[in-house]
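Text of protein-v6.cif, listed as mmCIF, C-alpha atoms:
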data_my_file
#
loop_
_atom_site.label_atom_id
_atom_site.label_comp_id
_atom_site.auth_asym_id
_atom_site.auth_seq_id
_atom_site.Cartn_x
_atom_site.Cartn_y
_atom_site.Cartn_z
CA MET A 472 -14.76 46.09 5.48
CA THR A 473 -13.45 44.59 2.24
CA LEU A 474 -10.00 45.99 2.99
CA ILE A 475 -9.99 44.37 6.44
CA LYS A 476 -11.07 41.04 4.95
CA LEU A 477 -8.36 41.29 2.31
CA PHE A 478 -5.78 42.11 4.94
CA TRP A 479 -6.82 39.25 7.21
CA SER A 480 -6.95 36.68 4.37
CA PHE A 481 -3.49 37.48 3.13
CA PHE A 482 -2.16 37.74 6.67
CA GLN A 483 -3.16 34.09 7.14
CA ILE A 484 -1.65 33.14 3.78
CA GLY A 485 1.61 34.82 4.79
CA LEU A 486 1.58 33.19 8.22
CA PHE A 487 0.90 29.61 7.15
CA SER A 488 2.82 29.24 3.92
CA ILE A 489 6.12 27.75 4.98
CA GLY A 490 8.69 26.86 2.37
CA GLY A 491 7.66 29.51 -0.13
CA GLY A 492 6.80 29.22 -3.79
CA MET A 493 4.20 26.62 -4.66
CA ALA A 494 3.66 25.75 -1.01
CA ALA A 495 1.47 28.86 -0.74
CA MET A 496 -0.75 27.89 -3.67
CA PRO A 497 -3.37 25.68 -1.96
CA LEU A 498 -3.70 28.24 0.86
CA ILE A 499 -4.32 31.08 -1.59
CA GLN A 500 -6.87 29.01 -3.46
CA ASN A 501 -8.71 28.18 -0.26
CA GLN A 502 -8.92 31.82 0.87
CA VAL A 503 -9.51 33.53 -2.47
CA VAL A 504 -11.65 31.03 -4.40
CA ASN A 505 -13.41 28.86 -1.81
CA MET A 506 -13.91 31.12 1.21
CA HIS A 507 -14.39 34.57 -0.27
CA GLN A 508 -15.20 33.91 -3.95
CA TRP A 509 -13.00 36.84 -4.96
CA LEU A 510 -11.88 34.92 -8.05
CA THR A 511 -13.43 32.10 -10.10
CA LEU A 512 -11.34 28.96 -10.52
CA THR A 513 -10.48 29.97 -14.11
CA GLU A 514 -9.32 33.39 -12.99
CA PHE A 515 -7.30 31.69 -10.28
CA THR A 516 -5.58 29.44 -12.85
CA ASP A 517 -4.80 32.54 -14.95
CA LEU A 518 -3.37 34.15 -11.83
CA ILE A 519 -1.02 31.21 -11.29
CA THR A 520 0.14 31.35 -14.91
CA ILE A 521 0.81 35.08 -14.66
CA ALA A 522 2.46 34.74 -11.26
CA GLU A 523 4.81 32.13 -12.74
CA MET A 524 5.56 34.25 -15.80
CA THR A 525 6.28 37.45 -13.91
CA PRO A 526 9.02 38.16 -11.40
CA GLY A 527 8.44 38.05 -7.66
CA PRO A 528 7.11 35.62 -5.06
CA ILE A 529 3.79 33.99 -5.93
CA ALA A 530 2.14 35.06 -2.67
CA ILE A 531 2.98 38.73 -3.27
CA ASN A 532 1.86 38.48 -6.90
CA SER A 533 -1.46 36.96 -5.83
CA ALA A 534 -1.97 39.59 -3.13
CA THR A 535 -1.50 42.37 -5.66
CA PHE A 536 -3.65 40.71 -8.32
CA VAL A 537 -6.55 39.91 -6.02
CA GLY A 538 -6.28 43.18 -4.09
CA ILE A 539 -6.44 45.34 -7.21
CA ARG A 540 -9.46 43.47 -8.60
CA ILE A 541 -11.40 43.71 -5.34
CA ALA A 542 -10.47 47.19 -4.09
CA GLY A 543 -8.14 48.88 -6.57
CA ILE A 544 -4.64 50.10 -5.74
CA PRO A 545 -5.34 50.45 -1.96
CA GLY A 546 -6.53 46.84 -2.01
CA ALA A 547 -3.30 45.73 -3.65
CA ILE A 548 -1.19 47.56 -1.08
CA ILE A 549 -3.22 46.35 1.93
CA ALA A 550 -3.19 42.74 0.75
CA THR A 551 0.57 42.86 0.14
CA ILE A 552 1.24 44.34 3.58
CA GLY A 553 -0.96 41.67 5.16
CA CYS A 554 1.00 39.03 3.31
CA ILE A 555 4.46 40.13 4.46
CA LEU A 556 3.64 41.23 8.03
CA PRO A 557 3.85 37.74 9.62
CA SER A 558 7.20 37.11 7.89
CA CYS A 559 8.55 40.42 9.11
CA ALA A 560 7.73 39.63 12.73
CA ILE A 561 8.89 36.01 12.77
CA VAL A 562 12.00 36.51 10.65
CA SER A 563 13.07 39.50 12.76
CA LEU A 564 12.77 37.37 15.89
CA LEU A 565 14.77 34.54 14.31
CA ALA A 566 17.36 37.01 13.03
CA TRP A 567 17.76 38.43 16.53
CA LEU A 568 18.19 34.94 17.98
CA TYR A 569 20.65 34.03 15.24
CA PHE A 570 22.86 37.10 15.67
CA LYS A 571 22.78 36.67 19.44
CA TYR A 572 23.60 32.97 19.60
CA LYS A 573 25.47 32.24 16.40
CA GLU A 574 28.80 31.86 18.21
CA LEU A 575 27.51 28.96 20.34
CA THR A 576 29.06 25.62 19.40
CA LEU A 577 25.70 23.86 19.17
CA VAL A 578 24.26 26.55 16.90
CA GLN A 579 27.42 26.33 14.80
CA GLY A 580 26.81 22.59 14.49
CA ILE A 581 23.20 23.05 13.39
CA LEU A 582 24.24 25.66 10.84
CA SER A 583 27.02 23.42 9.52
CA GLY A 584 24.33 20.83 8.83
CA LEU A 585 22.06 23.39 7.17
CA ARG A 586 24.56 24.91 4.75
CA PRO A 587 24.97 21.82 2.52
CA THR A 588 21.18 21.39 2.70
CA ILE A 589 20.65 24.86 1.24
CA VAL A 590 23.07 24.07 -1.60
CA ALA A 591 21.00 20.94 -2.29
CA LEU A 592 17.76 22.96 -2.28
CA ILE A 593 19.19 25.47 -4.75
CA ALA A 594 20.35 22.60 -6.95
CA SER A 595 16.92 21.02 -6.84
CA ALA A 596 15.16 24.31 -7.74
CA GLY A 597 17.66 24.83 -10.56
CA LEU A 598 17.16 21.34 -11.94
CA SER A 599 13.37 21.82 -11.98
CA ILE A 600 13.76 25.01 -14.00
CA PHE A 601 16.26 23.30 -16.32
CA ILE A 602 13.79 20.47 -16.96
CA LEU A 603 10.99 22.98 -17.56
CA ALA A 604 13.18 24.89 -20.03
CA VAL A 605 14.38 21.81 -21.94
CA TRP A 606 11.38 19.45 -21.83
CA GLY A 607 8.50 21.87 -21.18
CA GLU A 608 5.45 21.22 -19.01
CA GLY A 609 5.53 17.45 -19.65
CA GLY A 610 8.71 17.00 -17.59
CA PHE A 611 11.71 14.78 -18.27
CA SER A 612 11.36 12.16 -21.01
CA MET A 613 13.71 9.87 -22.94
CA ASN A 614 12.19 10.83 -26.29
CA PRO A 615 14.80 12.97 -28.10
CA GLN A 616 12.04 14.81 -29.98
CA ALA A 617 10.69 16.20 -26.72
CA ILE A 618 13.94 18.11 -26.18
CA ASN A 619 13.83 21.84 -26.89
CA LEU A 620 17.14 22.32 -28.71
CA VAL A 621 16.97 26.11 -28.56
CA SER A 622 16.82 25.90 -24.76
CA VAL A 623 19.76 23.46 -24.66
CA LEU A 624 21.79 25.80 -26.84
CA LEU A 625 20.88 28.87 -24.76
CA PHE A 626 21.59 27.04 -21.51
CA SER A 627 25.01 25.76 -22.59
CA SER A 628 26.20 29.05 -24.05
CA ALA A 629 24.90 30.99 -21.03
CA LEU A 630 26.64 28.61 -18.62
CA PHE A 631 29.86 28.78 -20.66
CA ILE A 632 29.81 32.60 -20.64
CA LEU A 633 29.08 32.66 -16.88
CA ARG A 634 31.93 30.28 -16.02
CA LYS A 635 34.43 31.92 -18.35
CA TRP A 636 33.87 35.67 -17.90
CA LYS A 637 31.72 35.90 -14.72
CA PRO A 638 29.45 38.66 -16.05
CA ASN A 639 26.42 40.07 -14.22
CA PRO A 640 23.80 37.25 -14.31
CA ILE A 641 20.99 39.72 -15.07
CA PHE A 642 22.58 40.50 -18.45
CA VAL A 643 22.97 36.80 -19.21
CA MET A 644 19.26 36.26 -18.50
CA LEU A 645 18.17 39.29 -20.52
CA GLY A 646 20.46 38.28 -23.41
CA SER A 647 19.12 34.75 -23.31
CA GLY A 648 15.56 36.14 -23.34
CA ILE A 649 16.18 38.42 -26.32
CA ILE A 650 18.14 35.88 -28.40
CA GLY A 651 15.81 33.03 -27.47
CA GLY A 652 12.72 35.18 -28.10
CA ALA A 653 14.02 36.13 -31.56
CA ILE A 654 14.75 32.48 -32.46
CA TYR A 655 11.34 31.25 -31.25
CA LEU A 656 9.55 33.95 -33.24
CA ILE A 657 11.49 33.15 -36.44
CA ILE A 658 11.10 29.34 -36.36
CA MET B 1296 25.66 59.97 7.41
CA GLU B 1297 26.39 60.28 3.70
CA ASN B 1298 27.85 56.80 3.85
CA LYS B 1299 24.72 55.40 5.48
CA LYS B 1300 22.53 56.98 2.84
CA HIS B 1301 24.73 55.39 0.22
CA ILE B 1302 24.27 51.95 1.82
CA TYR B 1303 20.47 52.35 1.94
CA ARG B 1304 20.38 53.45 -1.66
CA LYS B 1305 22.55 50.54 -2.74
CA LEU B 1306 20.48 48.07 -0.68
CA PHE B 1307 17.27 49.33 -2.23
CA ALA B 1308 18.65 49.29 -5.77
CA CYS B 1309 20.07 45.77 -5.41
CA THR B 1310 16.98 44.17 -3.88
CA PHE B 1311 14.73 46.04 -6.33
CA TYR B 1312 16.46 44.73 -9.38
CA LEU B 1313 17.04 41.24 -8.00
CA SER B 1314 13.33 41.02 -7.25
CA ALA B 1315 12.45 42.42 -10.68
CA PHE B 1316 14.42 39.68 -12.41
CA THR B 1317 13.57 36.67 -10.23
CA PHE B 1318 11.00 34.57 -11.99
CA GLY B 1319 9.03 31.81 -10.34
CA GLY B 1320 9.62 33.02 -6.80
CA GLY B 1321 10.69 30.76 -3.99
CA PHE B 1322 14.24 29.75 -3.53
CA VAL B 1323 15.66 31.01 -6.82
CA ILE B 1324 16.44 34.50 -5.49
CA VAL B 1325 19.05 33.10 -3.07
CA PRO B 1326 21.73 32.34 -5.71
CA LEU B 1327 21.24 35.81 -7.21
CA MET B 1328 21.57 37.44 -3.78
CA LYS B 1329 24.67 35.39 -3.12
CA LYS B 1330 26.25 36.60 -6.36
CA LYS B 1331 25.43 40.23 -5.60
CA PHE B 1332 26.10 40.57 -1.87
CA VAL B 1333 28.84 37.97 -1.41
CA ASP B 1334 30.76 37.98 -4.70
CA ASP B 1335 30.30 41.53 -6.01
CA LEU B 1336 29.81 43.76 -2.97
CA LYS B 1337 31.56 41.48 -0.43
CA TRP B 1338 29.24 42.78 2.29
CA ILE B 1339 28.78 39.36 3.86
CA GLU B 1340 30.54 35.99 3.73
CA GLU B 1341 29.37 32.97 1.81
CA ASN B 1342 28.72 30.88 4.94
CA GLU B 1343 26.70 33.66 6.52
CA MET B 1344 24.62 33.98 3.33
CA LEU B 1345 23.82 30.27 3.51
CA ASN B 1346 22.89 30.58 7.20
CA LEU B 1347 20.51 33.43 6.38
CA ALA B 1348 19.06 31.40 3.50
CA ALA B 1349 18.37 28.53 5.91
CA ILE B 1350 16.49 30.86 8.28
CA ALA B 1351 14.55 32.39 5.36
CA GLN B 1352 13.51 28.96 4.15
CA SER B 1353 12.37 27.76 7.55
CA SER B 1354 10.23 30.82 8.32
CA PRO B 1355 6.68 31.33 7.06
CA GLY B 1356 6.04 33.57 4.08
CA ALA B 1357 7.76 34.18 0.77
CA VAL B 1358 11.41 33.08 0.87
CA ALA B 1359 12.51 36.09 -1.20
CA VAL B 1360 10.95 38.52 1.29
CA ASN B 1361 12.37 36.65 4.28
CA ALA B 1362 15.86 36.59 2.78
CA ALA B 1363 15.61 40.30 2.00
CA ILE B 1364 14.60 41.09 5.60
CA LEU B 1365 17.55 39.09 6.96
CA LEU B 1366 20.05 40.66 4.57
CA GLY B 1367 18.82 44.18 5.29
CA HIS B 1368 18.88 43.50 9.02
CA ARG B 1369 22.38 42.05 8.86
CA ILE B 1370 23.82 44.91 6.79
CA ALA B 1371 22.03 47.97 8.18
CA GLY B 1372 19.75 46.99 11.09
CA ILE B 1373 15.97 47.48 11.26
CA SER B 1374 15.94 50.42 8.86
CA GLY B 1375 18.00 48.32 6.46
CA ALA B 1376 15.35 45.60 6.68
CA LEU B 1377 12.61 48.14 5.87
CA VAL B 1378 14.61 49.30 2.84
CA THR B 1379 15.11 45.75 1.52
CA ILE B 1380 11.45 44.83 2.12
CA SER B 1381 10.27 47.74 -0.03
CA GLY B 1382 12.91 46.94 -2.64
CA THR B 1383 11.69 43.35 -2.84
CA VAL B 1384 7.96 43.99 -2.73
CA LEU B 1385 7.69 46.96 -5.11
CA PRO B 1386 8.62 45.22 -8.42
CA PRO B 1387 5.93 42.51 -8.20
CA LEU B 1388 3.45 45.07 -6.83
CA ILE B 1389 3.99 47.37 -9.79
CA THR B 1390 4.22 44.59 -12.42
CA LEU B 1391 1.09 42.81 -11.26
CA SER B 1392 -0.90 46.04 -10.91
CA VAL B 1393 -0.18 46.85 -14.55
CA ILE B 1394 -0.75 43.31 -15.77
CA SER B 1395 -3.99 42.74 -13.90
CA LEU B 1396 -5.49 45.61 -15.93
CA PHE B 1397 -5.03 43.77 -19.22
CA TYR B 1398 -4.09 40.26 -18.23
CA ALA B 1399 -5.81 38.32 -21.00
CA ALA B 1400 -3.80 40.18 -23.65
CA PHE B 1401 -0.56 39.58 -21.73
CA ARG B 1402 -1.19 35.88 -21.21
CA ASP B 1403 -1.77 35.27 -24.93
CA ASN B 1404 0.99 37.51 -26.28
CA ILE B 1405 3.37 35.48 -28.49
CA VAL B 1406 6.33 37.85 -28.15
CA VAL B 1407 6.09 37.93 -24.34
CA ASN B 1408 5.90 34.14 -24.25
CA ALA B 1409 8.90 33.69 -26.56
CA ILE B 1410 11.10 36.03 -24.51
CA LEU B 1411 10.06 34.41 -21.23
CA LYS B 1412 10.83 30.96 -22.64
CA GLY B 1413 14.27 32.19 -23.70
CA MET B 1414 14.93 33.69 -20.27
CA GLN B 1415 14.07 30.39 -18.61
CA ALA B 1416 17.14 28.72 -20.17
CA GLY B 1417 19.42 31.61 -19.17
CA PHE B 1418 17.97 31.51 -15.68
CA ALA B 1419 18.68 27.77 -15.39
CA ALA B 1420 22.29 28.49 -16.41
CA VAL B 1421 22.67 31.19 -13.72
CA ILE B 1422 21.50 28.77 -11.03
CA ALA B 1423 23.71 25.97 -12.39
CA ASP B 1424 26.70 28.32 -12.16
CA VAL B 1425 25.99 29.17 -8.51
CA VAL B 1426 25.38 25.51 -7.62
CA LEU B 1427 28.74 24.54 -9.14
CA ASN B 1428 30.50 27.20 -7.04
CA LEU B 1429 28.70 26.44 -3.77
CA GLY B 1430 28.82 22.69 -4.24
CA SER B 1431 32.57 22.61 -4.89
CA ASN B 1432 33.10 24.79 -1.79
CA VAL B 1433 31.19 22.27 0.35
CA LEU B 1434 33.24 19.39 -1.10
CA LYS B 1435 36.50 21.32 -0.53
CA GLU B 1436 35.84 21.21 3.23
CA LYS B 1437 36.61 17.47 2.89
CA ASP B 1438 33.94 16.74 5.48
CA MET B 1439 32.12 13.48 4.75
CA VAL B 1440 29.06 14.47 6.79
CA SER B 1441 28.57 17.67 4.78
CA ALA B 1442 28.90 15.82 1.48
CA ILE B 1443 26.42 13.16 2.58
CA ILE B 1444 23.96 15.79 3.85
CA MET B 1445 24.17 17.60 0.50
CA ALA B 1446 23.54 14.45 -1.54
CA GLY B 1447 20.84 13.17 0.81
CA ALA B 1448 18.99 16.51 0.94
CA PHE B 1449 19.04 16.70 -2.85
CA ILE B 1450 17.55 13.22 -3.24
CA ALA B 1451 14.98 13.92 -0.51
CA THR B 1452 13.73 17.14 -2.08
CA PHE B 1453 14.10 16.45 -5.79
CA PHE B 1454 13.17 12.77 -6.11
CA LEU B 1455 11.24 11.98 -2.95
CA LYS B 1456 9.53 15.41 -2.82
CA ILE B 1457 9.71 15.48 0.96
CA ASN B 1458 8.52 18.74 2.54
CA VAL B 1459 11.47 21.14 2.77
CA ILE B 1460 10.74 21.86 6.44
CA TYR B 1461 11.38 18.24 7.44
CA ILE B 1462 14.60 18.15 5.43
CA ILE B 1463 15.86 21.30 7.13
CA LEU B 1464 14.92 20.01 10.59
CA ALA B 1465 16.60 16.66 9.97
CA CYS B 1466 19.81 18.18 8.58
CA GLY B 1467 19.98 20.69 11.44
CA CYS B 1468 19.74 17.79 13.90
CA ILE B 1469 22.47 15.85 12.07
CA GLY B 1470 24.73 18.92 12.27
CA ALA B 1471 24.02 19.30 15.99
CA ALA B 1472 24.66 15.59 16.62
CA LYS B 1473 27.94 15.79 14.74
CA ILE B 1474 29.18 18.65 16.94
CA LEU B 1475 28.05 16.93 20.14
CA ILE B 1476 29.88 13.71 19.18
CA GLN B 1477 33.01 15.71 18.33
CA MET B 1478 32.86 17.48 21.70
CA LYS B 1479 32.42 14.18 23.58
CA LYS B 1480 35.35 12.70 21.71
CA ALA B 1481 37.56 15.72 22.46
CA GLN B 1482 36.62 15.40 26.14
CA LYS B 1483 37.52 11.70 26.20
CA ASP B 1484 40.83 12.36 24.46
CA GLY B 1485 41.50 15.04 27.03
CA GLU B 1486 40.79 12.61 29.89
CA ALA B 1487 42.94 9.90 28.34
CA GLN B 1488 45.98 12.12 28.31
#
Mind turning the file's structure into structure tokens?
Amino acid sequence: MTLIKLFWSFFQIGLFSIGGGMAAMPLIQNQVVNMHQWLTLTEFTDLITIAEMTPGPIAINSATFVGIRIAGIPGAIIATIGCILPSCAIVSLLAWLYFKYKELTLVQGILSGLRPTIVALIASAGLSIFILAVWGEGGFSMNPQAINLVSVLLFSSALFILRKWKPNPIFVMLGSGIIGGAIYLII
Amino acid sequence: MENKKHIYRKLFACTFYLSAFTFGGGFVIVPLMKKKFVDDLKWIEENEMLNLAAIAQSSPGAVAVNAAILLGHRIAGISGALVTISGTVLPPLITLSVISLFYAAFRDNIVVNAILKGMQAGFAAVIADVVLNLGSNVLKEKDMVSAIIMAGAFIATFFLKINVIYIILACGCIGAAKILIQMKKAQKDGEAQ
């Protein structure tokens, strides 16, 4: 019974969270904290922190975290499947439509409007992460003391290396993590 | 057959490690996918990648999962999509299973926090690099409408915090209107001659 409830809850979260990332947060809170009391609000806040610190989409992270606490490994798997099932169905349908009709002039027009939009969305996501890295949780401020100089240094050298030698970005991120981690622990 | 197996293995490996290194979820996996599948492997074109990203963003669910489904589907059909879904979902499933067992210790660990803070800056640089490439490609088209859409969408999402869905709908409509006007104009020019 618990497994079915888990599945159904995360199925709804997967179905109604459009836009990804933080957009799913209020839905997860409603299902997990308010409706089913699977987590307390403090545990939920911890979950968000962990979900932000670890790789992967927040909805999948939450499904695993809640599932494993309620019903162990099977719970984690069932909740995750519930979470991605709606996407699988809807995205497959859209993919089919896209591959079938992408040559149409009108569809070409719509897509030509969407491509610059996607670049803007990536830029916006990147700028948010940049602000988080340089100014921390408080967000942008004019106060020079609020600037994290280590982050600025890491960011500029990483960007320079990426533009100049085009290495695999994963290594740049790992390198930045190791060097930055060492500096933060020393100072 | 051997070749197909090779593609599945490569698809799984790529999505697995992209998912394992994408922090924060949401849209940030798209630039990494673009670097891997467009620049390195050359399996799909840049424009097609952006089209798929638009579909992923406008569908319900996690953007990373949606994008993985579309990529897998595009490269190797339904079975390709199944491969990329498992590649994308397994890293967070494994990581979170381990962490949930001792999450208080993880949350308060100084070393973990320091490394994650360092990675944040590197991550911002990776995205900046991709934005510079994609943005200059859009401007190279020398199409005013595209440039205006890009600037307008950025202001709408970053400063005005308008829901991404509305931005996508509006920009899709602008693109459609542009094509319709061009077609009308071409028709008129044709009649005039």
Taking all atoms listed in the file into account, find every residue of chain B that has an atom no more than 6 Å from chain A, and write it out as an mmCIF file with C-alpha atoms, keeping the file's coordinate frame.
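Below is the file that was written, out_18.cif:
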data_model
loop_
_atom_site.group_PDB
_atom_site.id
_atom_site.type_symbol
_atom_site.label_atom_id
_atom_site.label_comp_id
_atom_site.auth_asym_id
_atom_site.auth_seq_id
_atom_site.Cartn_x
_atom_site.Cartn_y
_atom_site.Cartn_z
ATOM 1 C CA SER B 1314 13.330 41.020 -7.250
ATOM 2 C CA ALA B 1315 12.450 42.420 -10.680
ATOM 3 C CA PHE B 1316 14.420 39.680 -12.410
ATOM 4 C CA THR B 1317 13.570 36.670 -10.230
ATOM 5 C CA PHE B 1318 11.000 34.570 -11.990
ATOM 6 C CA GLY B 1319 9.030 31.810 -10.340
ATOM 7 C CA GLY B 1320 9.620 33.020 -6.800
ATOM 8 C CA GLY B 1321 10.690 30.760 -3.990
ATOM 9 C CA LEU B 1345 23.820 30.270 3.510
ATOM 10 C CA GLN B 1352 13.510 28.960 4.150
ATOM 11 C CA PRO B 1355 6.680 31.330 7.060
ATOM 12 C CA GLY B 1356 6.040 33.570 4.080
ATOM 13 C CA ALA B 1357 7.760 34.180 0.770
ATOM 14 C CA VAL B 1358 11.410 33.080 0.870
ATOM 15 C CA PRO B 1387 5.930 42.510 -8.200
ATOM 16 C CA LEU B 1388 3.450 45.070 -6.830
ATOM 17 C CA LEU B 1391 1.090 42.810 -11.260
ATOM 18 C CA SER B 1395 -3.990 42.740 -13.900
ATOM 19 C CA ALA B 1409 8.900 33.690 -26.560
ATOM 20 C CA ILE B 1410 11.100 36.030 -24.510
ATOM 21 C CA GLY B 1413 14.270 32.190 -23.700
ATOM 22 C CA MET B 1414 14.930 33.690 -20.270
ATOM 23 C CA GLN B 1415 14.070 30.390 -18.610
ATOM 24 C CA ALA B 1416 17.140 28.720 -20.170
ATOM 25 C CA GLY B 1417 19.420 31.610 -19.170
ATOM 26 C CA PHE B 1418 17.970 31.510 -15.680
ATOM 27 C CA ALA B 1419 18.680 27.770 -15.390
ATOM 28 C CA ALA B 1420 22.290 28.490 -16.410
ATOM 29 C CA ILE B 1422 21.500 28.770 -11.030
ATOM 30 C CA VAL B 1426 25.380 25.510 -7.620
ATOM 31 C CA SER B 1441 28.570 17.670 4.780
ATOM 32 C CA MET B 1445 24.170 17.600 0.500
ATOM 33 C CA ALA B 1448 18.990 16.510 0.940
ATOM 34 C CA PHE B 1449 19.040 16.700 -2.850
ATOM 35 C CA PHE B 1453 14.100 16.450 -5.790
ATOM 36 C CA CYS B 1466 19.810 18.180 8.580
ATOM 37 C CA GLY B 1467 19.980 20.690 11.440
ATOM 38 C CA GLY B 1470 24.730 18.920 12.270
ATOM 39 C CA ALA B 1471 24.020 19.300 15.990
ATOM 40 C CA ILE B 1474 29.180 18.650 16.940
#
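Interatomic distance, CA of Met472 (chain A) to CA of Gly546 (chain A): 11.2 Å.
One distance worth recording is that between CA of Val504 (chain A) and CA of Tyr1398 (chain B), which is 18.3 Å.
As for CA of Gln508 (chain A) and CA of Ser480 (chain A), they are spaced 12.0 Å apart.
With distances restricted to all atoms listed in the file, A:Ala550 is the closest residue to Ile499 (chain A) from A:Glu574, A:Ala550, A:Ile657, A:Ala542.
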